[in-house]
Amino acid sequence: MTAIPRNKSMIQRMYNWTMEKSAHPHAEYWLALVSFVEASFFPIPPHPLLGLMCLADPKKAVRYALICTAASVAGGMLGYGIGYFLYESVGLWLLGVLGLTDAFPPAACYLRQFGTEIILIKGATPIPFKLLTITAGFIQMNFGEFLLASLASRAFSFMLVGILFRLFGAPIKAFIDKYLVWVAGGFLVAVVAGFLAVGALSGDGEAKAADTCSGATLESIGLDRK
């Protein structure tokens, strides 16, 4: 019972440390670093730090969003490498530390069934991007497709914040804090519903595959990557 409070305390300290970097003289470098490591193993997303920096200087909001996008995609390549080359030695441990072990089998199943569509959808939502990057490497997803899908999804996630701050300045922060997760979540629901509807109408089994993936286990996805 004591492990949970300690874990929460650790996450809170990491969050506080991250937010302090918004006032650092080299804040852009810290923003890039947080974006990079979050895509593969760091538990705190860069969005709060990005928001504070955009709030402090809205004219640089798009620049900050571009930094986040580029660094996150680069970090995603590291996550892919962990899943591809070091899954059993490093990947399993990371997923356990991050509390994503149970989410890994469904993620692997979805990526095998739908490929880049899943990264495009889930990579642009609060669902941990690191889960997708490690999983994509594990299933040996085509690297070029992975890279392009990661770029598109990360650009959506960060550029939305940057553009809104650039256009509307500080007043947009309250809106983003309150509604961004709901907007992104609505986008996810709409697109997934579209996939399921198309699958049902075309009879190609996509809806059935999605239902199967929701209950996937390590045994059902197979650890031999075949």
# chains A, B, ... in the order shown; residues from 1 in each chain; ligands from 1
$ residues_around --residues "stretch 76-89 of chain A" --least-positions-apart "6" --cutoff "10 Å" --atoms "only C-alpha atoms" --output "list in words"
Ser35, Phe36, Val37, Glu38, Ala39, Ser40, Phe41, Ala70, Leu95, Phe129, Lys130, Leu131, Leu132, Thr133, Ile134, Thr135, Ala136, Gly137, Phe138, Ile139, Gln140, Met141, Phe143, Phe146, Leu147, Ser150, Leu151, Arg154 and Leu223 of chain A
$ write_last_selection --atoms "N, CA and C atoms" --output "compact mmCIF listing (two decimals), in the first residue's frame"
# COMPACT_ATOMS: atom_id res chain seq x y z
N SER A 35 10.86 16.86 -24.16
CA SER A 35 10.10 16.30 -25.28
C SER A 35 10.76 15.03 -25.79
N PHE A 36 12.09 15.02 -25.81
CA PHE A 36 12.82 13.86 -26.31
C PHE A 36 12.65 12.65 -25.39
N VAL A 37 12.91 12.85 -24.11
CA VAL A 37 12.88 11.70 -23.19
C VAL A 37 11.45 11.22 -22.92
N GLU A 38 10.47 12.14 -23.01
CA GLU A 38 9.08 11.73 -22.76
C GLU A 38 8.60 10.75 -23.81
N ALA A 39 9.15 10.81 -25.01
CA ALA A 39 8.72 9.93 -26.09
C ALA A 39 9.22 8.50 -25.92
N SER A 40 10.11 8.28 -24.94
CA SER A 40 10.64 6.94 -24.77
C SER A 40 10.60 6.43 -23.33
N PHE A 41 10.75 7.33 -22.33
CA PHE A 41 10.75 6.78 -20.96
C PHE A 41 10.35 7.77 -19.87
N ALA A 70 9.99 18.30 -33.14
CA ALA A 70 11.23 17.69 -33.62
C ALA A 70 11.87 16.80 -32.56
N LEU A 95 8.22 -0.39 -19.22
CA LEU A 95 6.76 -0.47 -19.20
C LEU A 95 6.25 -0.72 -17.79
N PHE A 129 2.70 8.52 -25.58
CA PHE A 129 3.36 8.30 -26.87
C PHE A 129 4.46 7.26 -26.73
N LYS A 130 5.09 7.19 -25.55
CA LYS A 130 6.17 6.23 -25.32
C LYS A 130 5.66 4.80 -25.47
N LEU A 131 4.40 4.55 -25.10
CA LEU A 131 3.83 3.22 -25.26
C LEU A 131 3.80 2.83 -26.73
N LEU A 132 3.45 3.78 -27.59
CA LEU A 132 3.37 3.51 -29.02
C LEU A 132 4.76 3.31 -29.63
N THR A 133 5.73 4.11 -29.19
CA THR A 133 7.05 4.02 -29.80
C THR A 133 7.73 2.69 -29.46
N ILE A 134 7.67 2.30 -28.20
CA ILE A 134 8.28 1.03 -27.79
C ILE A 134 7.57 -0.14 -28.45
N THR A 135 6.23 -0.06 -28.50
CA THR A 135 5.45 -1.13 -29.11
C THR A 135 5.72 -1.24 -30.60
N ALA A 136 5.83 -0.10 -31.28
CA ALA A 136 6.11 -0.12 -32.72
C ALA A 136 7.44 -0.80 -33.01
N GLY A 137 8.43 -0.56 -32.17
CA GLY A 137 9.70 -1.23 -32.35
C GLY A 137 9.60 -2.72 -32.08
N PHE A 138 8.83 -3.09 -31.07
CA PHE A 138 8.67 -4.49 -30.73
C PHE A 138 8.06 -5.30 -31.87
N ILE A 139 7.03 -4.74 -32.51
CA ILE A 139 6.37 -5.48 -33.60
C ILE A 139 7.10 -5.29 -34.92
N GLN A 140 8.21 -4.56 -34.90
CA GLN A 140 9.02 -4.30 -36.09
C GLN A 140 8.19 -3.63 -37.20
N MET A 141 7.46 -2.61 -36.79
CA MET A 141 6.70 -1.81 -37.73
C MET A 141 7.65 -1.15 -38.73
N PHE A 143 9.82 1.24 -40.38
CA PHE A 143 10.36 2.43 -39.72
C PHE A 143 9.96 3.72 -40.43
N PHE A 146 6.43 4.50 -39.54
CA PHE A 146 6.40 4.92 -38.14
C PHE A 146 6.86 6.37 -38.00
N LEU A 147 7.93 6.72 -38.70
CA LEU A 147 8.49 8.06 -38.59
C LEU A 147 7.52 9.12 -39.12
N SER A 150 4.53 9.43 -36.77
CA SER A 150 4.93 10.11 -35.54
C SER A 150 5.03 11.61 -35.76
N LEU A 151 5.62 12.00 -36.89
CA LEU A 151 5.76 13.43 -37.20
C LEU A 151 4.39 14.09 -37.31
N ARG A 154 2.65 14.10 -33.65
CA ARG A 154 3.28 15.02 -32.72
C ARG A 154 3.09 16.47 -33.15
N LEU A 223 5.16 -13.56 -28.35
CA LEU A 223 6.41 -12.88 -28.06
C LEU A 223 7.49 -13.19 -29.09
$ residues_around --residues "stretch 55-68 of chain A" --least-positions-apart "3" --cutoff "9 Å" --atoms "only C-alpha atoms" --output "PyMOL selection string"
chain A and resi 22+28-29+31-36+46-47+50-52+71-73+154-155+157-173
$ closest_residue --among "A:Ile127, A:Leu218, A:Thr116, A:Leu100" --to "A:Ala152" --atoms "only C-alpha atoms"
A:Thr116
$ atom_distance --atom1 "atom CA of A:Cys213" --atom2 "atom CA of A:Tyr110"
6.0 Å
$ atom_distance --atom1 "atom CA of A:Met19" --atom2 "atom CA of A:Leu49"
5.5 Å
$ closest_residue --among "A:Ser153, A:Ser9, A:Thr69, A:Thr101" --to "A:Thr217" --atoms "only C-alpha atoms"
A:Thr101
$ decode --residues "stretch 117-160 of chain A" --atoms "C-alpha atoms" --output "PDB file, in the first residue's frame"
ATOM      1  CA  GLU A 117      -3.627   4.833 -38.270  1.00  0.00           C
ATOM      2  CA  ILE A 118      -3.193   4.073 -34.578  1.00  0.00           C
ATOM      3  CA  ILE A 119      -0.149   6.336 -34.234  1.00  0.00           C
ATOM      4  CA  LEU A 120      -1.941   9.119 -36.103  1.00  0.00           C
ATOM      5  CA  ILE A 121      -4.914   8.849 -33.761  1.00  0.00           C
ATOM      6  CA  LYS A 122      -3.425   7.980 -30.399  1.00  0.00           C
ATOM      7  CA  GLY A 123      -0.166   9.855 -30.846  1.00  0.00           C
ATOM      8  CA  ALA A 124      -2.177  13.075 -31.016  1.00  0.00           C
ATOM      9  CA  THR A 125      -3.994  12.410 -27.735  1.00  0.00           C
ATOM     10  CA  PRO A 126      -2.964  12.210 -24.058  1.00  0.00           C
ATOM     11  CA  ILE A 127      -2.371   8.438 -24.453  1.00  0.00           C
ATOM     12  CA  PRO A 128       1.352   7.916 -23.665  1.00  0.00           C
ATOM     13  CA  PHE A 129       3.358   8.301 -26.870  1.00  0.00           C
ATOM     14  CA  LYS A 130       6.167   6.227 -25.320  1.00  0.00           C
ATOM     15  CA  LEU A 131       3.831   3.218 -25.258  1.00  0.00           C
ATOM     16  CA  LEU A 132       3.373   3.506 -29.021  1.00  0.00           C
ATOM     17  CA  THR A 133       7.055   4.016 -29.803  1.00  0.00           C
ATOM     18  CA  ILE A 134       8.276   1.028 -27.788  1.00  0.00           C
ATOM     19  CA  THR A 135       5.454  -1.133 -29.108  1.00  0.00           C
ATOM     20  CA  ALA A 136       6.111  -0.120 -32.720  1.00  0.00           C
ATOM     21  CA  GLY A 137       9.703  -1.233 -32.348  1.00  0.00           C
ATOM     22  CA  PHE A 138       8.675  -4.493 -30.726  1.00  0.00           C
ATOM     23  CA  ILE A 139       6.372  -5.482 -33.597  1.00  0.00           C
ATOM     24  CA  GLN A 140       9.021  -4.305 -36.094  1.00  0.00           C
ATOM     25  CA  MET A 141       6.698  -1.813 -37.735  1.00  0.00           C
ATOM     26  CA  ASN A 142       8.024  -0.308 -40.969  1.00  0.00           C
ATOM     27  CA  PHE A 143      10.358   2.426 -39.719  1.00  0.00           C
ATOM     28  CA  GLY A 144       9.575   4.924 -42.497  1.00  0.00           C
ATOM     29  CA  GLU A 145       5.843   4.647 -41.876  1.00  0.00           C
ATOM     30  CA  PHE A 146       6.404   4.924 -38.142  1.00  0.00           C
ATOM     31  CA  LEU A 147       8.491   8.063 -38.594  1.00  0.00           C
ATOM     32  CA  LEU A 148       5.982   9.815 -40.860  1.00  0.00           C
ATOM     33  CA  ALA A 149       3.037   8.927 -38.634  1.00  0.00           C
ATOM     34  CA  SER A 150       4.929  10.109 -35.539  1.00  0.00           C
ATOM     35  CA  LEU A 151       5.760  13.427 -37.205  1.00  0.00           C
ATOM     36  CA  ALA A 152       2.127  14.015 -38.153  1.00  0.00           C
ATOM     37  CA  SER A 153       0.711  13.083 -34.744  1.00  0.00           C
ATOM     38  CA  ARG A 154       3.285  15.019 -32.724  1.00  0.00           C
ATOM     39  CA  ALA A 155       2.861  18.069 -34.948  1.00  0.00           C
ATOM     40  CA  PHE A 156      -0.887  17.978 -34.308  1.00  0.00           C
ATOM     41  CA  SER A 157      -0.400  17.657 -30.561  1.00  0.00           C
ATOM     42  CA  PHE A 158       2.138  20.464 -30.129  1.00  0.00           C
ATOM     43  CA  MET A 159       1.365  22.823 -33.004  1.00  0.00           C
ATOM     44  CA  LEU A 160      -2.240  23.112 -31.851  1.00  0.00           C
TER      45      LEU A 160
END
